[in-house]
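K.L.:
Quick one: this structure, given as structure tokens, is what I'll be asking you about.
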Amino acid sequence: MKYDVLTALGAFGCAGDKHRQRIALRLMTLLTARYNWQEDSLTTGQREIAALWSVDQRTVKREMARLRELGWLILKRPAARGRVACYGLGLDALLGQTEPCWANVGPDFVVRMSSKPVDESNPTVVPFPVMGEGAWARIATTLQAEDAGVFNAWFAPLVTLGERDGVLRLKVPSRFHGSFVRTHHLSRLQALARHQGLDVDLVD
């Protein structure tokens, strides 16, 4: 998924003017070099960013403010004496703003990135079936009925590790996938699990 995010940014930049290209390239370079995808954290000082971008620190301040305005970076912890600011990635804003350019990459990319229900008339797109028994099967059936696209993209790849001590353990296919589910979909997952008398633990 991290490569898809970078691809979306690249396509967005290539489709715009030099100013859009520049800010997209700078964020892509910063994410590639310094972003911790597992922890959703970017903690790099302005001096280091200035060296990475080959600009002065005044430009860094301006560009970081612009990235916050766009919603692409979210300030999680402000800078303090002896400690640099910590930023998170604003995935919702980033994906929403780059979506018009996804088709430039290809239809497979649009399917992968979209949260819309899968077009089952397309033989190249196969929806994930819900199989098995138990709490996870019941939860998954509900999630699939609510939004097949979101289910196929984010919930279907989860693998149940069973239930123990009132906790449903689900293994995620990657650390980024787990981070995205925790950030954007965990509350819905927990709500359905509570109806089954369970809590949820996502295992990387």
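Naming works like this for the structure tokens: A, B, ... for the chains as they're shown, residue 1 at the start of each chain, ligands 1 onward in shown order.
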Would you mind listing what lies within 7 Å of Thr43 in chain A as a ChimeraX atom specification, with only C-alpha atoms counted and same-chain residues fewer than 4 positions away left out?
P.N.:
/A:84-87
K.L.:
Please produce a file of the residues just selected, as a PDB file, in the first residue's frame, where the atoms kept are N, CA, C and O atoms.
P.N.:
```
ATOM      1  N   VAL A  84      12.000  17.621  18.119  1.00  0.00           N
ATOM      2  CA  VAL A  84      11.393  18.086  16.876  1.00  0.00           C
ATOM      3  C   VAL A  84       9.913  17.722  16.849  1.00  0.00           C
ATOM      4  O   VAL A  84       9.454  16.861  17.605  1.00  0.00           O
ATOM      5  N   ALA A  85       9.172  18.368  15.973  1.00  0.00           N
ATOM      6  CA  ALA A  85       7.750  18.083  15.816  1.00  0.00           C
ATOM      7  C   ALA A  85       7.551  16.679  15.239  1.00  0.00           C
ATOM      8  O   ALA A  85       8.417  16.146  14.541  1.00  0.00           O
ATOM      9  N   CYS A  86       6.414  16.094  15.561  1.00  0.00           N
ATOM     10  CA  CYS A  86       6.058  14.783  15.025  1.00  0.00           C
ATOM     11  C   CYS A  86       4.808  14.938  14.162  1.00  0.00           C
ATOM     12  O   CYS A  86       3.802  15.503  14.603  1.00  0.00           O
ATOM     13  N   TYR A  87       4.870  14.430  12.944  1.00  0.00           N
ATOM     14  CA  TYR A  87       3.744  14.501  12.018  1.00  0.00           C
ATOM     15  C   TYR A  87       3.244  13.094  11.690  1.00  0.00           C
ATOM     16  O   TYR A  87       4.006  12.122  11.710  1.00  0.00           O
TER      17      TYR A  87
END
```
K.L.:
What's around His184 in chain A at 12 Å? Count only C-alpha atoms, leave out sequence neighbours fewer than 4 positions away in its own chain, and write the answer as number ranges by chain.
P.N.:
A: 90-92, 150, 154-155, 177-180, 188-190
K.L.:
Could you produce a table of the residues of range 46-159 of chain A lying within 10 Å of range 192-195 of chain A, with the nearest pair of atoms per residue and their separation in Å rounded to one decimal, using only C-alpha atoms, ordered by chain and increasing residue number, as JSON lines?
P.N.:
```
{"residue": "A:Ala135", "atom": "CA", "partner": "A:Ala193", "partner_atom": "CA", "distance": 7.7}
{"residue": "A:Trp136", "atom": "CA", "partner": "A:Ala193", "partner_atom": "CA", "distance": 8.2}
{"residue": "A:Arg138", "atom": "CA", "partner": "A:Leu192", "partner_atom": "CA", "distance": 9.1}
{"residue": "A:Ile139", "atom": "CA", "partner": "A:Leu192", "partner_atom": "CA", "distance": 6.2}
{"residue": "A:Ala140", "atom": "CA", "partner": "A:Leu192", "partner_atom": "CA", "distance": 9.3}
{"residue": "A:Thr142", "atom": "CA", "partner": "A:Leu192", "partner_atom": "CA", "distance": 8.3}
{"residue": "A:Leu143", "atom": "CA", "partner": "A:Leu192", "partner_atom": "CA", "distance": 8.8}
```
K.L.:
With only C-alpha atoms as the counted atoms, please give the residues lying no more than 10 Å from Asn36 in chain A, apart from itself and same-chain residues fewer than 6 positions off, as an NGL selection string.
P.N.:
:A and (42-43 or 88-89 or 176)
K.L.:
What does the distance from CA of Lys76 in chain A to CA of Thr7 in chain A come to in Å, to one decimal?
P.N.:
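CA of Thr7 in chain A lies at a distance of 24.7 Å from CA of Lys76 in chain A.
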K.L.:
DSSP on the backbone: which residues in range 10-190 of chain A end up as alpha helix (DSSP H)? Give the answer as number ranges by chain.
P.N.:
A: 10-14, 18-34, 46-53, 57-70, 91-98, 107-113, 135-146, 148-150, 175-184, 186-190
K.L.:
Grab the residues selected above and save them as a PDB file, in the first residue's frame with C-alpha atoms.
P.N.:
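again-v7.pdb was written with the following content:
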```pdb
ATOM      1  CA  GLY A  10       3.460  10.941  -8.260  1.00  0.00           C
ATOM      2  CA  ALA A  11       0.514  10.776 -10.657  1.00  0.00           C
ATOM      3  CA  PHE A  12      -1.035  13.810  -8.958  1.00  0.00           C
ATOM      4  CA  GLY A  13       2.177  15.790  -9.324  1.00  0.00           C
ATOM      5  CA  CYS A  14       2.770  14.797 -12.946  1.00  0.00           C
ATOM      6  CA  LYS A  18       5.450  22.940 -11.585  1.00  0.00           C
ATOM      7  CA  HIS A  19       4.266  24.058  -8.152  1.00  0.00           C
ATOM      8  CA  ARG A  20       2.148  20.941  -7.677  1.00  0.00           C
ATOM      9  CA  GLN A  21       4.938  18.777  -9.039  1.00  0.00           C
ATOM     10  CA  ARG A  22       7.397  20.267  -6.595  1.00  0.00           C
ATOM     11  CA  ILE A  23       5.346  19.806  -3.439  1.00  0.00           C
ATOM     12  CA  ALA A  24       4.385  16.270  -4.443  1.00  0.00           C
ATOM     13  CA  LEU A  25       8.021  15.394  -5.133  1.00  0.00           C
ATOM     14  CA  ARG A  26       9.166  16.901  -1.843  1.00  0.00           C
ATOM     15  CA  LEU A  27       6.611  14.945   0.168  1.00  0.00           C
ATOM     16  CA  MET A  28       7.404  11.712  -1.711  1.00  0.00           C
ATOM     17  CA  THR A  29      11.110  12.194  -0.981  1.00  0.00           C
ATOM     18  CA  LEU A  30      10.444  12.951   2.677  1.00  0.00           C
ATOM     19  CA  LEU A  31       8.170   9.920   3.089  1.00  0.00           C
ATOM     20  CA  THR A  32      10.627   7.624   1.341  1.00  0.00           C
ATOM     21  CA  ALA A  33      13.599   8.817   3.363  1.00  0.00           C
ATOM     22  CA  ARG A  34      12.217   9.548   6.823  1.00  0.00           C
ATOM     23  CA  GLN A  46      13.914  21.390   9.617  1.00  0.00           C
ATOM     24  CA  ARG A  47      17.673  21.466   9.064  1.00  0.00           C
ATOM     25  CA  GLU A  48      17.673  17.836   7.899  1.00  0.00           C
ATOM     26  CA  ILE A  49      14.641  18.425   5.662  1.00  0.00           C
ATOM     27  CA  ALA A  50      16.328  21.494   4.165  1.00  0.00           C
ATOM     28  CA  ALA A  51      19.369  19.393   3.277  1.00  0.00           C
ATOM     29  CA  LEU A  52      17.173  16.638   1.821  1.00  0.00           C
ATOM     30  CA  TRP A  53      15.237  19.123  -0.341  1.00  0.00           C
ATOM     31  CA  GLN A  57      14.941  26.373   6.376  1.00  0.00           C
ATOM     32  CA  ARG A  58      12.579  29.237   5.519  1.00  0.00           C
ATOM     33  CA  THR A  59      11.394  27.234   2.500  1.00  0.00           C
ATOM     34  CA  VAL A  60      10.974  24.171   4.703  1.00  0.00           C
ATOM     35  CA  LYS A  61       8.736  26.111   7.107  1.00  0.00           C
ATOM     36  CA  ARG A  62       6.621  27.362   4.221  1.00  0.00           C
ATOM     37  CA  GLU A  63       6.314  23.958   2.548  1.00  0.00           C
ATOM     38  CA  MET A  64       5.508  22.112   5.782  1.00  0.00           C
ATOM     39  CA  ALA A  65       2.786  24.672   6.471  1.00  0.00           C
ATOM     40  CA  ARG A  66       1.447  24.062   2.976  1.00  0.00           C
ATOM     41  CA  LEU A  67       1.437  20.296   3.536  1.00  0.00           C
ATOM     42  CA  ARG A  68      -0.534  20.817   6.744  1.00  0.00           C
ATOM     43  CA  GLU A  69      -3.016  23.071   4.920  1.00  0.00           C
ATOM     44  CA  LEU A  70      -3.534  20.377   2.300  1.00  0.00           C
ATOM     45  CA  LEU A  91      -4.251   9.564   4.230  1.00  0.00           C
ATOM     46  CA  ASP A  92      -7.887  10.605   3.865  1.00  0.00           C
ATOM     47  CA  ALA A  93      -6.994  14.030   2.456  1.00  0.00           C
ATOM     48  CA  LEU A  94      -4.151  12.686   0.342  1.00  0.00           C
ATOM     49  CA  LEU A  95      -6.219   9.943  -1.256  1.00  0.00           C
ATOM     50  CA  GLY A  96      -9.202  12.226  -1.743  1.00  0.00           C
ATOM     51  CA  GLN A  97      -7.177  14.890  -3.541  1.00  0.00           C
ATOM     52  CA  THR A  98      -5.204  12.480  -5.708  1.00  0.00           C
ATOM     53  CA  PRO A 107      -7.860   0.611 -14.046  1.00  0.00           C
ATOM     54  CA  ASP A 108      -6.200  -1.927 -11.745  1.00  0.00           C
ATOM     55  CA  PHE A 109      -4.878   0.936  -9.633  1.00  0.00           C
ATOM     56  CA  VAL A 110      -8.343   2.497  -9.417  1.00  0.00           C
ATOM     57  CA  VAL A 111      -9.825  -0.794  -8.202  1.00  0.00           C
ATOM     58  CA  ARG A 112      -7.068  -1.204  -5.626  1.00  0.00           C
ATOM     59  CA  MET A 113      -7.372   2.306  -4.261  1.00  0.00           C
ATOM     60  CA  ALA A 135     -17.536 -14.759  15.524  1.00  0.00           C
ATOM     61  CA  TRP A 136     -15.186 -13.568  12.786  1.00  0.00           C
ATOM     62  CA  ALA A 137     -17.328 -15.133  10.062  1.00  0.00           C
ATOM     63  CA  ARG A 138     -20.417 -13.363  11.431  1.00  0.00           C
ATOM     64  CA  ILE A 139     -18.583 -10.044  11.760  1.00  0.00           C
ATOM     65  CA  ALA A 140     -17.084 -10.375   8.283  1.00  0.00           C
ATOM     66  CA  THR A 141     -20.483 -11.141   6.759  1.00  0.00           C
ATOM     67  CA  THR A 142     -21.879  -7.918   8.232  1.00  0.00           C
ATOM     68  CA  LEU A 143     -18.896  -5.863   7.030  1.00  0.00           C
ATOM     69  CA  GLN A 144     -19.152  -7.287   3.526  1.00  0.00           C
ATOM     70  CA  ALA A 145     -22.875  -6.512   3.354  1.00  0.00           C
ATOM     71  CA  GLU A 146     -22.278  -2.905   4.473  1.00  0.00           C
ATOM     72  CA  ALA A 148     -18.119  -4.785  -0.355  1.00  0.00           C
ATOM     73  CA  GLY A 149     -15.358  -2.502  -1.619  1.00  0.00           C
ATOM     74  CA  VAL A 150     -14.087  -1.572   1.844  1.00  0.00           C
ATOM     75  CA  ARG A 175       2.254  -3.344   9.136  1.00  0.00           C
ATOM     76  CA  PHE A 176       0.919  -0.550   6.925  1.00  0.00           C
ATOM     77  CA  HIS A 177      -2.337  -2.445   6.391  1.00  0.00           C
ATOM     78  CA  GLY A 178      -2.699  -2.839  10.144  1.00  0.00           C
ATOM     79  CA  SER A 179      -1.938   0.834  10.724  1.00  0.00           C
ATOM     80  CA  PHE A 180      -4.566   1.886   8.192  1.00  0.00           C
ATOM     81  CA  VAL A 181      -7.215  -0.415   9.686  1.00  0.00           C
ATOM     82  CA  ARG A 182      -6.430   0.819  13.201  1.00  0.00           C
ATOM     83  CA  THR A 183      -6.672   4.445  12.091  1.00  0.00           C
ATOM     84  CA  HIS A 184      -9.737   4.258   9.854  1.00  0.00           C
ATOM     85  CA  LEU A 186     -11.021  -0.205  14.010  1.00  0.00           C
ATOM     86  CA  SER A 187     -13.976   1.492  15.700  1.00  0.00           C
ATOM     87  CA  ARG A 188     -16.459  -0.271  13.394  1.00  0.00           C
ATOM     88  CA  LEU A 189     -14.661  -3.573  13.865  1.00  0.00           C
ATOM     89  CA  GLN A 190     -14.731  -3.188  17.641  1.00  0.00           C
TER      90      GLN A 190
END
```
K.L.:
Could you check how far CA of Pro157 in chain A sits from CA of Val105 in chain A, in Å to one decimal?
P.N.:
23.6 Å
